[in-house]
file final.pdb (PDB, C-alpha atoms)
ATOM      1  CA  MET A   1    -108.259  56.548 -38.637
ATOM      2  CA  SER A   2    -111.373  55.888 -36.578
ATOM      3  CA  ASN A   3    -112.508  58.238 -33.809
ATOM      4  CA  ASP A   4    -111.812  55.438 -31.311
ATOM      5  CA  ALA A   5    -108.209  55.152 -32.530
ATOM      6  CA  LYS A   6    -107.787  58.932 -32.391
ATOM      7  CA  SER A   7    -109.072  59.064 -28.836
ATOM      8  CA  ARG A   8    -106.641  56.334 -27.807
ATOM      9  CA  LYS A   9    -103.745  58.324 -29.303
ATOM     10  CA  THR A  10    -104.670  61.356 -27.214
ATOM     11  CA  ALA A  11    -105.772  59.588 -24.029
ATOM     12  CA  ASN A  12    -105.019  61.559 -20.872
ATOM     13  CA  LEU A  13    -102.295  59.656 -19.025
ATOM     14  CA  ALA A  14    -101.829  62.257 -16.290
ATOM     15  CA  THR A  15    -102.090  60.403 -12.996
ATOM     16  CA  PRO A  16    -103.341  62.681 -10.218
ATOM     17  CA  SER A  17    -100.594  63.982  -7.931
ATOM     18  CA  ASP A  18    -100.625  66.320  -4.961
ATOM     19  CA  LEU A  19     -97.217  67.705  -5.950
ATOM     20  CA  GLY A  20     -98.628  70.111  -8.523
ATOM     21  CA  ALA A  21     -98.194  70.538 -12.271
ATOM     22  CA  ASN A  22     -94.829  72.331 -12.082
ATOM     23  CA  ALA A  23     -93.366  69.680  -9.791
ATOM     24  CA  THR A  24     -94.693  66.907 -12.003
ATOM     25  CA  LYS A  25     -93.195  68.497 -15.109
ATOM     26  CA  GLU A  26     -89.780  69.142 -13.551
ATOM     27  CA  LEU A  27     -89.503  65.838 -11.702
ATOM     28  CA  ALA A  28     -90.766  63.740 -14.615
ATOM     29  CA  GLY A  29     -88.351  65.560 -16.930
ATOM     30  CA  GLY A  30     -85.418  64.938 -14.613
ATOM     31  CA  LEU A  31     -86.369  61.313 -14.104
ATOM     32  CA  ASN A  32     -86.678  60.751 -17.851
ATOM     33  CA  ILE A  33     -83.177  62.116 -18.395
ATOM     34  CA  LEU A  34     -81.979  59.846 -15.585
ATOM     35  CA  LEU A  35     -83.758  56.911 -17.223
ATOM     36  CA  ALA A  36     -82.033  57.641 -20.545
ATOM     37  CA  ASP A  37     -78.671  57.751 -18.760
ATOM     38  CA  VAL A  38     -79.387  54.497 -16.944
ATOM     39  CA  TYR A  39     -80.337  52.746 -20.190
ATOM     40  CA  ALA A  40     -77.187  54.079 -21.887
ATOM     41  CA  LEU A  41     -75.039  52.953 -18.940
ATOM     42  CA  TYR A  42     -76.748  49.553 -18.917
ATOM     43  CA  LEU A  43     -76.051  48.995 -22.609
ATOM     44  CA  LYS A  44     -72.438  50.186 -22.307
ATOM     45  CA  THR A  45     -71.894  47.874 -19.333
ATOM     46  CA  LYS A  46     -73.367  44.940 -21.301
ATOM     47  CA  ASN A  47     -71.239  45.911 -24.325
ATOM     48  CA  PHE A  48     -68.102  45.728 -22.196
ATOM     49  CA  HIS A  49     -69.337  42.513 -20.545
ATOM     50  CA  TRP A  50     -69.731  40.926 -23.994
ATOM     51  CA  HIS A  51     -66.409  42.195 -25.333
ATOM     52  CA  VAL A  52     -64.018  42.006 -22.379
ATOM     53  CA  SER A  53     -60.967  39.815 -22.967
ATOM     54  CA  GLY A  54     -57.651  39.011 -21.380
ATOM     55  CA  PRO A  55     -56.195  37.207 -18.401
ATOM     56  CA  HIS A  56     -58.894  38.388 -15.955
ATOM     57  CA  PHE A  57     -61.734  37.677 -18.375
ATOM     58  CA  ARG A  58     -63.896  35.620 -16.028
ATOM     59  CA  ASP A  59     -63.693  38.083 -13.128
ATOM     60  CA  TYR A  60     -64.418  41.118 -15.301
ATOM     61  CA  HIS A  61     -67.103  39.336 -17.301
ATOM     62  CA  LEU A  62     -68.959  38.383 -14.099
ATOM     63  CA  LEU A  63     -68.459  41.795 -12.460
ATOM     64  CA  LEU A  64     -69.837  43.633 -15.471
ATOM     65  CA  ASP A  65     -72.789  41.271 -15.735
ATOM     66  CA  GLU A  66     -73.638  41.806 -12.045
ATOM     67  CA  GLN A  67     -73.391  45.567 -12.497
ATOM     68  CA  ALA A  68     -75.523  45.531 -15.641
ATOM     69  CA  THR A  69     -78.208  43.538 -13.823
ATOM     70  CA  GLN A  70     -78.223  46.086 -10.998
ATOM     71  CA  ILE A  71     -78.422  49.001 -13.433
ATOM     72  CA  ASP A  72     -81.230  47.331 -15.390
ATOM     73  CA  ALA A  73     -83.215  46.913 -12.160
ATOM     74  CA  MET A  74     -83.342  50.715 -11.843
ATOM     75  CA  THR A  75     -85.131  51.248 -15.156
ATOM     76  CA  ASP A  76     -88.599  50.026 -14.270
ATOM     77  CA  ALA A  77     -88.594  51.818 -10.922
ATOM     78  CA  ILE A  78     -87.615  55.103 -12.597
ATOM     79  CA  ALA A  79     -90.233  54.810 -15.344
ATOM     80  CA  GLU A  80     -92.964  53.822 -12.886
ATOM     81  CA  ARG A  81     -92.047  56.741 -10.632
ATOM     82  CA  VAL A  82     -92.536  59.103 -13.583
ATOM     83  CA  ARG A  83     -95.993  57.624 -14.148
ATOM     84  CA  LYS A  84     -96.891  57.806 -10.441
ATOM     85  CA  LEU A  85     -96.030  61.499 -10.544
ATOM     86  CA  GLY A  86     -98.417  61.979 -13.453
ATOM     87  CA  GLY A  87     -95.868  62.232 -16.235
ATOM     88  CA  THR A  88     -95.146  60.156 -19.298
ATOM     89  CA  THR A  89     -91.859  58.430 -19.859
ATOM     90  CA  ILE A  90     -89.457  57.243 -22.522
ATOM     91  CA  ARG A  91     -91.029  55.518 -25.499
ATOM     92  CA  SER A  92     -88.131  54.493 -27.771
ATOM     93  CA  ILE A  93     -84.401  54.113 -28.343
ATOM     94  CA  GLY A  94     -84.531  57.403 -30.261
ATOM     95  CA  HIS A  95     -86.059  59.112 -27.238
ATOM     96  CA  ILE A  96     -83.237  57.728 -25.075
ATOM     97  CA  LYS A  97     -80.643  58.989 -27.581
ATOM     98  CA  ARG A  98     -82.098  62.507 -27.450
ATOM     99  CA  LEU A  99     -81.933  62.630 -23.629
ATOM    100  CA  GLN A 100     -78.869  60.605 -22.622
ATOM    101  CA  ARG A 101     -75.777  62.237 -21.180
ATOM    102  CA  VAL A 102     -73.812  58.974 -20.824
ATOM    103  CA  LEU A 103     -71.782  58.665 -24.018
ATOM    104  CA  ASP A 104     -71.876  55.511 -26.120
ATOM    105  CA  ASN A 105     -68.704  53.571 -26.872
ATOM    106  CA  ASP A 106     -68.827  51.932 -30.294
ATOM    107  CA  ALA A 107     -65.094  51.224 -30.551
ATOM    108  CA  ASP A 108     -64.080  47.922 -32.102
ATOM    109  CA  TYR A 109     -61.729  47.225 -29.195
ATOM    110  CA  VAL A 110     -61.424  48.692 -25.711
ATOM    111  CA  THR A 111     -58.829  47.412 -23.265
ATOM    112  CA  PRO A 112     -60.213  45.925 -20.052
ATOM    113  CA  HIS A 113     -58.469  48.674 -18.081
ATOM    114  CA  ASP A 114     -60.123  51.373 -20.215
ATOM    115  CA  MET A 115     -63.500  49.642 -19.898
ATOM    116  CA  LEU A 116     -63.335  49.722 -16.099
ATOM    117  CA  ALA A 117     -62.080  53.319 -16.050
ATOM    118  CA  GLU A 118     -64.773  54.518 -18.455
ATOM    119  CA  LEU A 119     -67.556  52.811 -16.521
ATOM    120  CA  ARG A 120     -66.168  54.188 -13.262
ATOM    121  CA  GLY A 121     -66.285  57.698 -14.693
ATOM    122  CA  ASP A 122     -69.791  57.184 -16.064
ATOM    123  CA  ASN A 123     -71.033  55.964 -12.682
ATOM    124  CA  ILE A 124     -69.429  58.939 -10.923
ATOM    125  CA  GLU A 125     -71.213  61.292 -13.351
ATOM    126  CA  LEU A 126     -74.482  59.406 -12.854
ATOM    127  CA  ASN A 127     -74.143  59.997  -9.108
ATOM    128  CA  LYS A 128     -73.622  63.729  -9.667
ATOM    129  CA  HIS A 129     -76.775  63.868 -11.771
ATOM    130  CA  MET A 130     -78.751  61.901  -9.171
ATOM    131  CA  ARG A 131     -77.611  64.277  -6.414
ATOM    132  CA  THR A 132     -78.857  67.224  -8.487
ATOM    133  CA  LEU A 133     -82.168  65.462  -9.081
ATOM    134  CA  HIS A 134     -82.390  64.758  -5.328
ATOM    135  CA  GLU A 135     -82.108  68.521  -4.706
ATOM    136  CA  LEU A 136     -85.036  69.043  -7.089
ATOM    137  CA  CYS A 137     -87.022  66.442  -5.141
ATOM    138  CA  ASP A 138     -86.268  68.336  -1.946
ATOM    139  CA  GLU A 139     -87.460  71.608  -3.523
ATOM    140  CA  HIS A 140     -90.804  70.010  -4.409
ATOM    141  CA  GLY A 141     -91.193  67.901  -1.260
ATOM    142  CA  ASP A 142     -91.028  64.628  -3.234
ATOM    143  CA  ILE A 143     -89.713  62.348  -0.511
ATOM    144  CA  ALA A 144     -90.652  59.145  -2.352
ATOM    145  CA  THR A 145     -88.444  59.908  -5.365
ATOM    146  CA  ALA A 146     -85.701  61.228  -3.074
ATOM    147  CA  SER A 147     -85.758  57.957  -1.126
ATOM    148  CA  LEU A 148     -85.346  55.915  -4.314
ATOM    149  CA  ILE A 149     -82.507  58.148  -5.472
ATOM    150  CA  GLU A 150     -80.704  57.733  -2.145
ATOM    151  CA  ASN A 151     -80.671  53.952  -2.631
ATOM    152  CA  TRP A 152     -79.516  54.296  -6.243
ATOM    153  CA  ILE A 153     -76.694  56.604  -5.180
ATOM    154  CA  ASP A 154     -75.538  54.008  -2.658
ATOM    155  CA  GLU A 155     -75.645  51.264  -5.309
ATOM    156  CA  THR A 156     -73.772  53.474  -7.762
ATOM    157  CA  GLU A 157     -71.106  54.303  -5.178
ATOM    158  CA  LYS A 158     -70.599  50.556  -4.696
ATOM    159  CA  ARG A 159     -70.192  50.084  -8.455
ATOM    160  CA  VAL A 160     -67.610  52.889  -8.516
ATOM    161  CA  TRP A 161     -65.764  51.286  -5.616
ATOM    162  CA  PHE A 162     -65.685  47.847  -7.278
ATOM    163  CA  LEU A 163     -64.590  49.293 -10.616
ATOM    164  CA  PHE A 164     -61.869  51.310  -8.886
ATOM    165  CA  GLU A 165     -60.516  48.385  -6.879
ATOM    166  CA  THR A 166     -60.682  46.004  -9.816
ATOM    167  CA  GLY A 167     -58.946  48.459 -12.112
ATOM    168  CA  ARG A 168     -56.323  49.262  -9.498
ATOM    169  CA  ARG A 169     -55.011  45.699  -9.642
ATOM    170  CA  MET A 170     -54.053  46.347 -13.250
ATOM    171  CA  ASP A 171     -52.288  49.611 -12.383
ATOM    172  CA  GLY A 172     -49.861  48.213  -9.891
TER     173      GLY A 172
END

call {"tool": "encode", "arguments": {"input": "final.pdb", "output": "structure tokens"}}
result
Amino acid sequence: MSNDAKSRKTANLATPSDLGANATKELAGGLNILLADVYALYLKTKNFHWHVSGPHFRDYHLLLDEQATQIDAMTDAIAERVRKLGGTTIRSIGHIKRLQRVLDNDADYVTPHDMLAELRGDNIELNKHMRTLHELCDEHGDIATASLIENWIDETEKRVWFLFETGRRMDG
């Protein structure tokens, strides 16, 4: 390997930040875990979108596609926030797998009711994790990340609401 290639492999990617090294490390770490969860939730939502069936197929198919699009929109903002803070972010599917807390669902068949319930639970857990990360932002005075998280919490609460109301029709 040439010296030029070696220097590229070890290039300093640390963007300057006034938040300090400890804040950068903790916030970037928390955001990377959030990013892994968001990617896992995105893929699960798309999985259910692709595999939903039954009498309400069109409604559920469209709902899950809308939700997946909204979840996907979070990914770039999260990763760019990590970089703005001076950290590095996720580099691969394997990296996501090591960090994610949202569990995969590889079942051959999941009922539409179970799909909606599982996604509702995953979104509720995602909100809990974002609230914890918001507290970390407050500790370090990172109002920019906190502001983003507040919007994502609101979006996630709306997803939970829609999944609850849609699933409730099937319950009664």

call {"tool": "axis_aligned_box", "arguments": {"input": "final.pdb", "around": "segment 32-35 of chain A", "padding_each_side": "4 Å", "output": "AutoDock Vina command-line options"}}
result
--center_x -84.3 --center_y 59.5 --center_z -17.0 --size_x 12.7 --size_y 13.2 --size_z 10.8

call {"tool": "residues_around", "arguments": {"input": "final.pdb", "residues": "Leu31 of chain A", "least_positions_apart": "5", "cutoff": "10 Å", "atoms": "only C-alpha atoms", "output": "MDAnalysis selection string"}}
result
chainID A and resid 25:26 36:37 78:79 81:82 87 89:90 130 133 145 149

call {"tool": "atom_distance", "arguments": {"input": "final.pdb", "atom1": "atom CA of Glu139 of chain A", "atom2": "atom CA of Glu125 of chain A"}}
result
21.6 Å

call {"tool": "resolve_selection", "arguments": {"input": "final.pdb", "expression": "the PyMOL selection byres ((chain A and resi 157) around 12)", "output": "list in words"}}
result
Gln67, Leu119, Arg120, Gly121, Asp122, Asn123, Ile124, Glu125, Leu126, Asn127, Lys128, Met130, Arg131, Glu150, Asn151, Trp152, Ile153, Asp154, Glu155, Thr156, Lys158, Arg159, Val160, Trp161, Phe162, Leu163 and Phe164 of chain A

call {"tool": "closest_residue", "arguments": {"input": "final.pdb", "among": "A:Tyr39, A:Pro112, A:His49, A:Ser92", "to": "Asp76 of chain A", "atoms": "only C-alpha atoms"}}
result
A:Tyr39

call {"tool": "closest_residue", "arguments": {"input": "final.pdb", "among": "A:Leu136, A:Leu35, A:Ile93, A:Leu62", "to": "Glu80 of chain A", "atoms": "only C-alpha atoms"}}
result
A:Leu35

call {"tool": "atom_distance", "arguments": {"input": "final.pdb", "atom1": "atom CA of Glu135 of chain A", "atom2": "atom CA of His95 of chain A"}}
result
24.7 Å

call {"tool": "atom_distance", "arguments": {"input": "final.pdb", "atom1": "atom CA of Thr15 of chain A", "atom2": "atom CA of Gln70 of chain A"}}
result
27.9 Å
